[in-house]
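What follows is a set of notes on a single structure, which appears directly below.
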Amino acid sequence: MTTIDWSGLSHAYGSAEDIPGLFARLGGTEDDEVWQELWGSLCHQGSVYDASWAALPVLTDIALGRAPGGAIQAVTMAGLITTDPDEESHARYAREIGRLLAVARELRADPGQDAHTFVYLQMAVLAFEDGGVWAEALEGINSEEYDLECPECEEGLFVAFGSYGVFTSAGDYVTGAGTEGAAPRTELVPAVPDRLDGIGARLHGEAVEFGQPEVARALKYVFGKASCPSCGAGFTVSEEIEKQWV
């Protein structure tokens, strides 16, 4: 095994010389705290560093049960790291990515998986497969909203799946129509699953297959239709997510 000079690598807070010590602390009562520190250092606000990529073999060992720490945390962190488009790193760690993909698929298929964790595992699967923007953009399902712009008037919009509506950003954010002082709102029209194709059909089909009805329901709105409350322009939500997520 190649020895890593962590002191020569960097993460969000500078030198990565503390990373081996953090990984060594996993496997006990401090795991939640340690993972929080690792996420903050290696994937701070979604950023990826040279130390993040160097951690991929360690995360692979954890995912495979060769080291303590928890497979789900390891897989989801590795998934976020793999969204980095660095081709050289993807080639260098191709074997680890392949192994992580197999574990992610197995974890995703667990019928006891909660909806939020399922979404993060699905994101990891897409990242390991180089599945495009949805490896990151799918997270909006867990927050139940996307911040978009109208494709015509460029008004800022909140597309909210918890309340199934589109709100302008100019006003109070509310979850119901007709509230005094509420921002203008239009309805979301869900996609018909049988008419979905491409990534929409795949994501919805896998949510159904793996027993995730909440995720499947949200995906119908993600790939559904909406209109701008300000100018009335119609748009497909997923198309605007794909255009504006870059």
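For the structure tokens, the naming scheme is as follows: chains receive sequential letters (A, B, ...) according to their order of presentation, residues are indexed from 1 within each chain, and ligands are indexed from 1 in presentation order.
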
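All residues of segment 41-209 of chain A that DSSP, run on the backbone, classes as strand (DSSP E or B) are Glu145, Tyr146, Asp147, Leu148, Glu149, Gly156, Leu157, Phe158, Val159, Ala160, Gly165, Val166, Phe167, Thr168, Asp172, Ala182, Arg185, Thr186, Glu187 and Val189 of chain A.
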
Segment 41-195 of chain A: which residues are alpha helix (DSSP H) by DSSP, as a VMD selection string? chain A and resid 41 to 42 50 to 54 56 to 63 71 to 82 87 to 92 94 to 108 115 to 128 134 to 137 140 to 143

Take the residues from that selection and put them in a file with C-alpha atoms, as a CSV table (one decimal), in the first residue's frame.
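The result, written out as out36.csv:
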```csv
chain,number,residue,atom,x,y,z
A,41,SER,CA,-12.5,19.3,6.2
A,42,LEU,CA,-12.8,17.2,3.1
A,50,ASP,CA,-6.5,17.0,-3.0
A,51,ALA,CA,-6.8,15.4,0.5
A,52,SER,CA,-10.4,14.5,-0.4
A,53,TRP,CA,-9.3,12.4,-3.3
A,54,ALA,CA,-6.4,10.9,-1.2
A,56,LEU,CA,-10.9,7.7,-1.3
A,57,PRO,CA,-9.0,4.4,-0.5
A,58,VAL,CA,-9.7,4.8,3.2
A,59,LEU,CA,-13.4,5.5,2.5
A,60,THR,CA,-13.4,2.4,0.3
A,61,ASP,CA,-12.0,0.2,3.1
A,62,ILE,CA,-14.7,1.6,5.5
A,63,ALA,CA,-17.4,1.0,2.9
A,71,ALA,CA,-20.5,2.3,5.2
A,72,ILE,CA,-23.3,4.8,4.5
A,73,GLN,CA,-21.1,7.8,5.6
A,74,ALA,CA,-18.2,6.5,3.7
A,75,VAL,CA,-20.2,5.9,0.5
A,76,THR,CA,-22.0,9.3,0.6
A,77,MET,CA,-18.8,11.2,1.3
A,78,ALA,CA,-17.0,9.4,-1.5
A,79,GLY,CA,-19.9,10.1,-3.8
A,80,LEU,CA,-19.6,13.8,-3.2
A,81,ILE,CA,-15.8,13.7,-3.8
A,82,THR,CA,-16.4,11.9,-7.1
A,87,GLU,CA,-10.3,13.3,-14.9
A,88,GLU,CA,-6.8,12.4,-13.6
A,89,SER,CA,-8.2,11.6,-10.2
A,90,HIS,CA,-11.1,9.6,-11.6
A,91,ALA,CA,-8.6,7.5,-13.6
A,92,ARG,CA,-6.2,7.1,-10.6
A,94,ALA,CA,-11.1,3.9,-10.9
A,95,ARG,CA,-10.8,0.7,-8.9
A,96,GLU,CA,-12.0,2.3,-5.7
A,97,ILE,CA,-14.9,4.0,-7.5
A,98,GLY,CA,-16.0,0.7,-9.0
A,99,ARG,CA,-16.0,-1.0,-5.5
A,100,LEU,CA,-17.8,1.9,-4.0
A,101,LEU,CA,-20.5,1.8,-6.7
A,102,ALA,CA,-21.2,-1.9,-5.8
A,103,VAL,CA,-21.6,-1.0,-2.1
A,104,ALA,CA,-23.7,2.0,-2.9
A,105,ARG,CA,-26.1,-0.1,-5.0
A,106,GLU,CA,-26.4,-2.7,-2.3
A,107,LEU,CA,-27.1,-0.1,0.4
A,108,ARG,CA,-29.6,1.7,-1.8
A,115,ALA,CA,-36.1,8.4,2.2
A,116,HIS,CA,-33.4,11.0,3.0
A,117,THR,CA,-30.6,8.3,3.1
A,118,PHE,CA,-31.9,6.7,0.0
A,119,VAL,CA,-31.6,10.0,-1.9
A,120,TYR,CA,-28.0,10.5,-0.8
A,121,LEU,CA,-27.2,6.9,-1.8
A,122,GLN,CA,-28.8,7.4,-5.1
A,123,MET,CA,-26.7,10.5,-5.6
A,124,ALA,CA,-23.6,8.5,-4.8
A,125,VAL,CA,-24.6,5.8,-7.3
A,126,LEU,CA,-25.0,8.5,-10.0
A,127,ALA,CA,-21.6,10.1,-9.0
A,128,PHE,CA,-19.8,6.8,-9.3
A,134,TRP,CA,-28.3,14.8,-10.8
A,135,ALA,CA,-25.4,13.3,-8.7
A,136,GLU,CA,-25.7,16.7,-6.9
A,137,ALA,CA,-29.0,18.2,-8.0
A,140,GLY,CA,-33.2,19.2,-3.6
A,141,ILE,CA,-35.6,16.4,-2.9
A,142,ASN,CA,-34.4,16.2,0.6
A,143,SER,CA,-34.7,20.0,1.2
```

Within 7 Å of Phe223 of chain A, counting only C-alpha atoms, which residues show up once you throw out same-chain ones fewer than 4 positions away? Write them as a compact mmCIF listing (two decimals) with N, CA and C atoms, in the first residue's frame, please.
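File written: around-v4.txt
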```txt
# COMPACT_ATOMS: atom_id res chain seq x y z
N ALA A 191 -45.49 15.02 -13.33
CA ALA A 191 -45.32 14.22 -14.54
C ALA A 191 -46.09 12.91 -14.39
N GLY A 200 -35.31 10.80 -15.85
CA GLY A 200 -36.53 10.87 -15.07
C GLY A 200 -37.17 9.52 -14.88
N LEU A 219 -40.34 12.96 -7.15
CA LEU A 219 -39.74 12.96 -8.48
C LEU A 219 -40.76 13.29 -9.57
N THR A 236 -40.50 23.15 -17.81
CA THR A 236 -40.33 21.85 -17.18
C THR A 236 -39.30 22.01 -16.08
N VAL A 237 -39.67 21.65 -14.87
CA VAL A 237 -38.81 21.90 -13.71
C VAL A 237 -37.44 21.27 -13.89
N SER A 238 -37.39 20.01 -14.28
CA SER A 238 -36.10 19.31 -14.39
C SER A 238 -35.17 19.96 -15.41
```

Using only C-alpha atoms, pick whichever of A:Cys43, A:Ala16, A:Val215, A:Val208 has the shortest atom-to-atom distance to Glu139 of chain A. A:Val215

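With distances restricted to only C-alpha atoms, A:Leu203 is the closest residue to Val222 of chain A from A:Leu203, A:Ile4, A:Leu157, A:Ala24.
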
Using only C-alpha atoms, which residues sit within 12 Å of Gly205 of chain A once same-chain residues fewer than 2 positions away are excluded, as a PyMOL selection string? chain A and resi 193-203+207-213+215-217+219-220

Among the residues A:Leu188, A:Leu38, A:Leu138, A:Ala160, the one that comes closest to Ala55 of chain A [using only C-alpha atoms]: A:Leu38

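Checking A:Asp5, A:Glu149, A:Asp114, A:Glu206 one by one against Trp245 of chain A, counting only C-alpha atoms, you find the shortest gap at A:Glu149.
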
I'd like the contact shell of Glu154 of chain A - 12 Å cut-off, only C-alpha atoms, skipping same-chain residues fewer than 5 positions apart - returned as an NGL selection string. :A and (147-149 or 168-169 or 228-233 or 240 or 244)

Create the file for the chosen residues now, containing N, CA and C atoms and written as a PDB file, in the first residue's frame.
```
ATOM      1  N   ASP A 147     -34.056  26.379  -5.879  1.00  0.00           N
ATOM      2  CA  ASP A 147     -34.011  27.791  -6.244  1.00  0.00           C
ATOM      3  C   ASP A 147     -33.698  27.872  -7.730  1.00  0.00           C
ATOM      4  N   LEU A 148     -34.624  28.419  -8.503  1.00  0.00           N
ATOM      5  CA  LEU A 148     -34.456  28.512  -9.951  1.00  0.00           C
ATOM      6  C   LEU A 148     -34.714  29.937 -10.419  1.00  0.00           C
ATOM      7  N   GLU A 149     -34.538  30.140 -11.704  1.00  0.00           N
ATOM      8  CA  GLU A 149     -34.922  31.396 -12.351  1.00  0.00           C
ATOM      9  C   GLU A 149     -35.908  31.089 -13.459  1.00  0.00           C
ATOM     10  N   THR A 168     -42.459  33.198  -6.092  1.00  0.00           N
ATOM     11  CA  THR A 168     -41.419  34.150  -6.449  1.00  0.00           C
ATOM     12  C   THR A 168     -40.584  34.429  -5.214  1.00  0.00           C
ATOM     13  N   SER A 169     -39.363  34.858  -5.424  1.00  0.00           N
ATOM     14  CA  SER A 169     -38.495  35.172  -4.299  1.00  0.00           C
ATOM     15  C   SER A 169     -38.771  36.567  -3.749  1.00  0.00           C
ATOM     16  N   CYS A 228     -44.303  30.412 -14.267  1.00  0.00           N
ATOM     17  CA  CYS A 228     -43.795  31.514 -13.456  1.00  0.00           C
ATOM     18  C   CYS A 228     -44.959  32.346 -12.917  1.00  0.00           C
ATOM     19  N   PRO A 229     -45.013  32.625 -11.609  1.00  0.00           N
ATOM     20  CA  PRO A 229     -46.086  33.441 -11.058  1.00  0.00           C
ATOM     21  C   PRO A 229     -46.055  34.892 -11.542  1.00  0.00           C
ATOM     22  N   SER A 230     -44.905  35.358 -12.034  1.00  0.00           N
ATOM     23  CA  SER A 230     -44.781  36.747 -12.458  1.00  0.00           C
ATOM     24  C   SER A 230     -45.178  36.972 -13.911  1.00  0.00           C
ATOM     25  N   CYS A 231     -44.670  36.108 -14.824  1.00  0.00           N
ATOM     26  CA  CYS A 231     -44.918  36.348 -16.243  1.00  0.00           C
ATOM     27  C   CYS A 231     -45.767  35.262 -16.901  1.00  0.00           C
ATOM     28  N   GLY A 232     -46.005  34.172 -16.195  1.00  0.00           N
ATOM     29  CA  GLY A 232     -46.846  33.103 -16.738  1.00  0.00           C
ATOM     30  C   GLY A 232     -46.147  32.130 -17.656  1.00  0.00           C
ATOM     31  N   ALA A 233     -44.849  32.308 -17.886  1.00  0.00           N
ATOM     32  CA  ALA A 233     -44.124  31.405 -18.785  1.00  0.00           C
ATOM     33  C   ALA A 233     -44.096  29.988 -18.216  1.00  0.00           C
ATOM     34  N   GLU A 240     -34.979  23.141 -16.147  1.00  0.00           N
ATOM     35  CA  GLU A 240     -34.402  24.351 -15.547  1.00  0.00           C
ATOM     36  C   GLU A 240     -33.382  23.992 -14.481  1.00  0.00           C
ATOM     37  N   GLN A 244     -29.584  25.305 -14.781  1.00  0.00           N
ATOM     38  CA  GLN A 244     -29.153  26.281 -13.798  1.00  0.00           C
ATOM     39  C   GLN A 244     -28.273  25.699 -12.706  1.00  0.00           C
TER      40      GLN A 244
END
```

Using only C-alpha atoms, which residues sit within 7 Å of Phe167 of chain A once same-chain residues fewer than 2 positions away are excluded, as a list in words? Leu157, Phe158, Val159, Gly165, Ser169, Ala183, Pro184, Arg185, Thr186 and Pro229 of chain A

Keeping only all heavy atoms, write the selected residues to a file as a CSV table (one decimal), in the first residue's frame.
```csv
chain,number,residue,atom,x,y,z
A,157,LEU,N,-37.2,32.1,-8.4
A,157,LEU,CA,-38.3,31.3,-8.0
A,157,LEU,C,-37.9,30.2,-7.0
A,157,LEU,O,-36.8,29.7,-7.0
A,157,LEU,CB,-38.9,30.6,-9.2
A,157,LEU,CG,-39.4,31.4,-10.4
A,157,LEU,CD1,-39.8,30.5,-11.5
A,157,LEU,CD2,-40.5,32.3,-10.0
A,158,PHE,N,-38.8,29.9,-6.0
A,158,PHE,CA,-38.7,28.8,-5.2
A,158,PHE,C,-39.7,27.7,-5.7
A,158,PHE,O,-40.9,28.0,-5.8
A,158,PHE,CB,-39.1,29.1,-3.7
A,158,PHE,CG,-38.2,30.1,-3.0
A,158,PHE,CD1,-38.6,31.3,-2.7
A,158,PHE,CD2,-36.9,29.7,-2.8
A,158,PHE,CE1,-37.8,32.2,-2.0
A,158,PHE,CE2,-36.0,30.6,-2.1
A,158,PHE,CZ,-36.5,31.9,-1.7
A,159,VAL,N,-39.2,26.6,-6.1
A,159,VAL,CA,-40.0,25.5,-6.5
A,159,VAL,C,-40.1,24.5,-5.3
A,159,VAL,O,-39.1,23.9,-5.0
A,159,VAL,CB,-39.5,24.7,-7.7
A,159,VAL,CG1,-40.3,23.6,-8.1
A,159,VAL,CG2,-39.4,25.7,-8.9
A,165,GLY,N,-45.8,23.9,-5.0
A,165,GLY,CA,-46.0,25.2,-5.6
A,165,GLY,C,-44.8,25.9,-6.0
A,165,GLY,O,-43.7,25.5,-5.6
A,169,SER,N,-39.4,34.9,-5.4
A,169,SER,CA,-38.5,35.2,-4.3
A,169,SER,C,-38.8,36.6,-3.7
A,169,SER,O,-38.2,36.9,-2.7
A,169,SER,CB,-37.0,35.1,-4.7
A,169,SER,OG,-36.8,36.0,-5.8
A,183,ALA,N,-46.2,35.5,-1.0
A,183,ALA,CA,-45.7,35.7,-2.4
A,183,ALA,C,-46.6,35.0,-3.4
A,183,ALA,O,-47.3,34.1,-3.1
A,183,ALA,CB,-44.3,35.0,-2.4
A,184,PRO,N,-46.6,35.6,-4.6
A,184,PRO,CA,-47.4,35.0,-5.7
A,184,PRO,C,-47.0,33.5,-5.9
A,184,PRO,O,-45.9,33.1,-5.7
A,184,PRO,CB,-47.0,35.8,-6.9
A,184,PRO,CG,-46.5,37.1,-6.4
A,184,PRO,CD,-45.9,36.8,-5.1
A,185,ARG,N,-48.0,32.7,-6.2
A,185,ARG,CA,-47.8,31.2,-6.3
A,185,ARG,C,-48.5,30.7,-7.5
A,185,ARG,O,-49.6,31.1,-7.8
A,185,ARG,CB,-48.3,30.6,-5.0
A,185,ARG,CG,-48.3,29.1,-5.1
A,185,ARG,CD,-49.0,28.5,-3.8
A,185,ARG,NE,-49.1,27.0,-4.0
A,185,ARG,CZ,-49.6,26.2,-3.0
A,185,ARG,NH1,-50.0,26.7,-1.9
A,185,ARG,NH2,-49.7,24.9,-3.3
A,186,THR,N,-47.9,29.7,-8.1
A,186,THR,CA,-48.6,28.9,-9.1
A,186,THR,C,-48.4,27.4,-8.7
A,186,THR,O,-47.5,27.1,-7.9
A,186,THR,CB,-48.0,29.1,-10.5
A,186,THR,OG1,-46.6,28.8,-10.5
A,186,THR,CG2,-48.3,30.5,-11.0
A,229,PRO,N,-45.0,32.6,-11.6
A,229,PRO,CA,-46.1,33.4,-11.1
A,229,PRO,C,-46.1,34.9,-11.5
A,229,PRO,O,-47.1,35.6,-11.5
A,229,PRO,CB,-45.8,33.4,-9.5
A,229,PRO,CG,-45.0,32.2,-9.3
A,229,PRO,CD,-44.2,32.1,-10.6
```
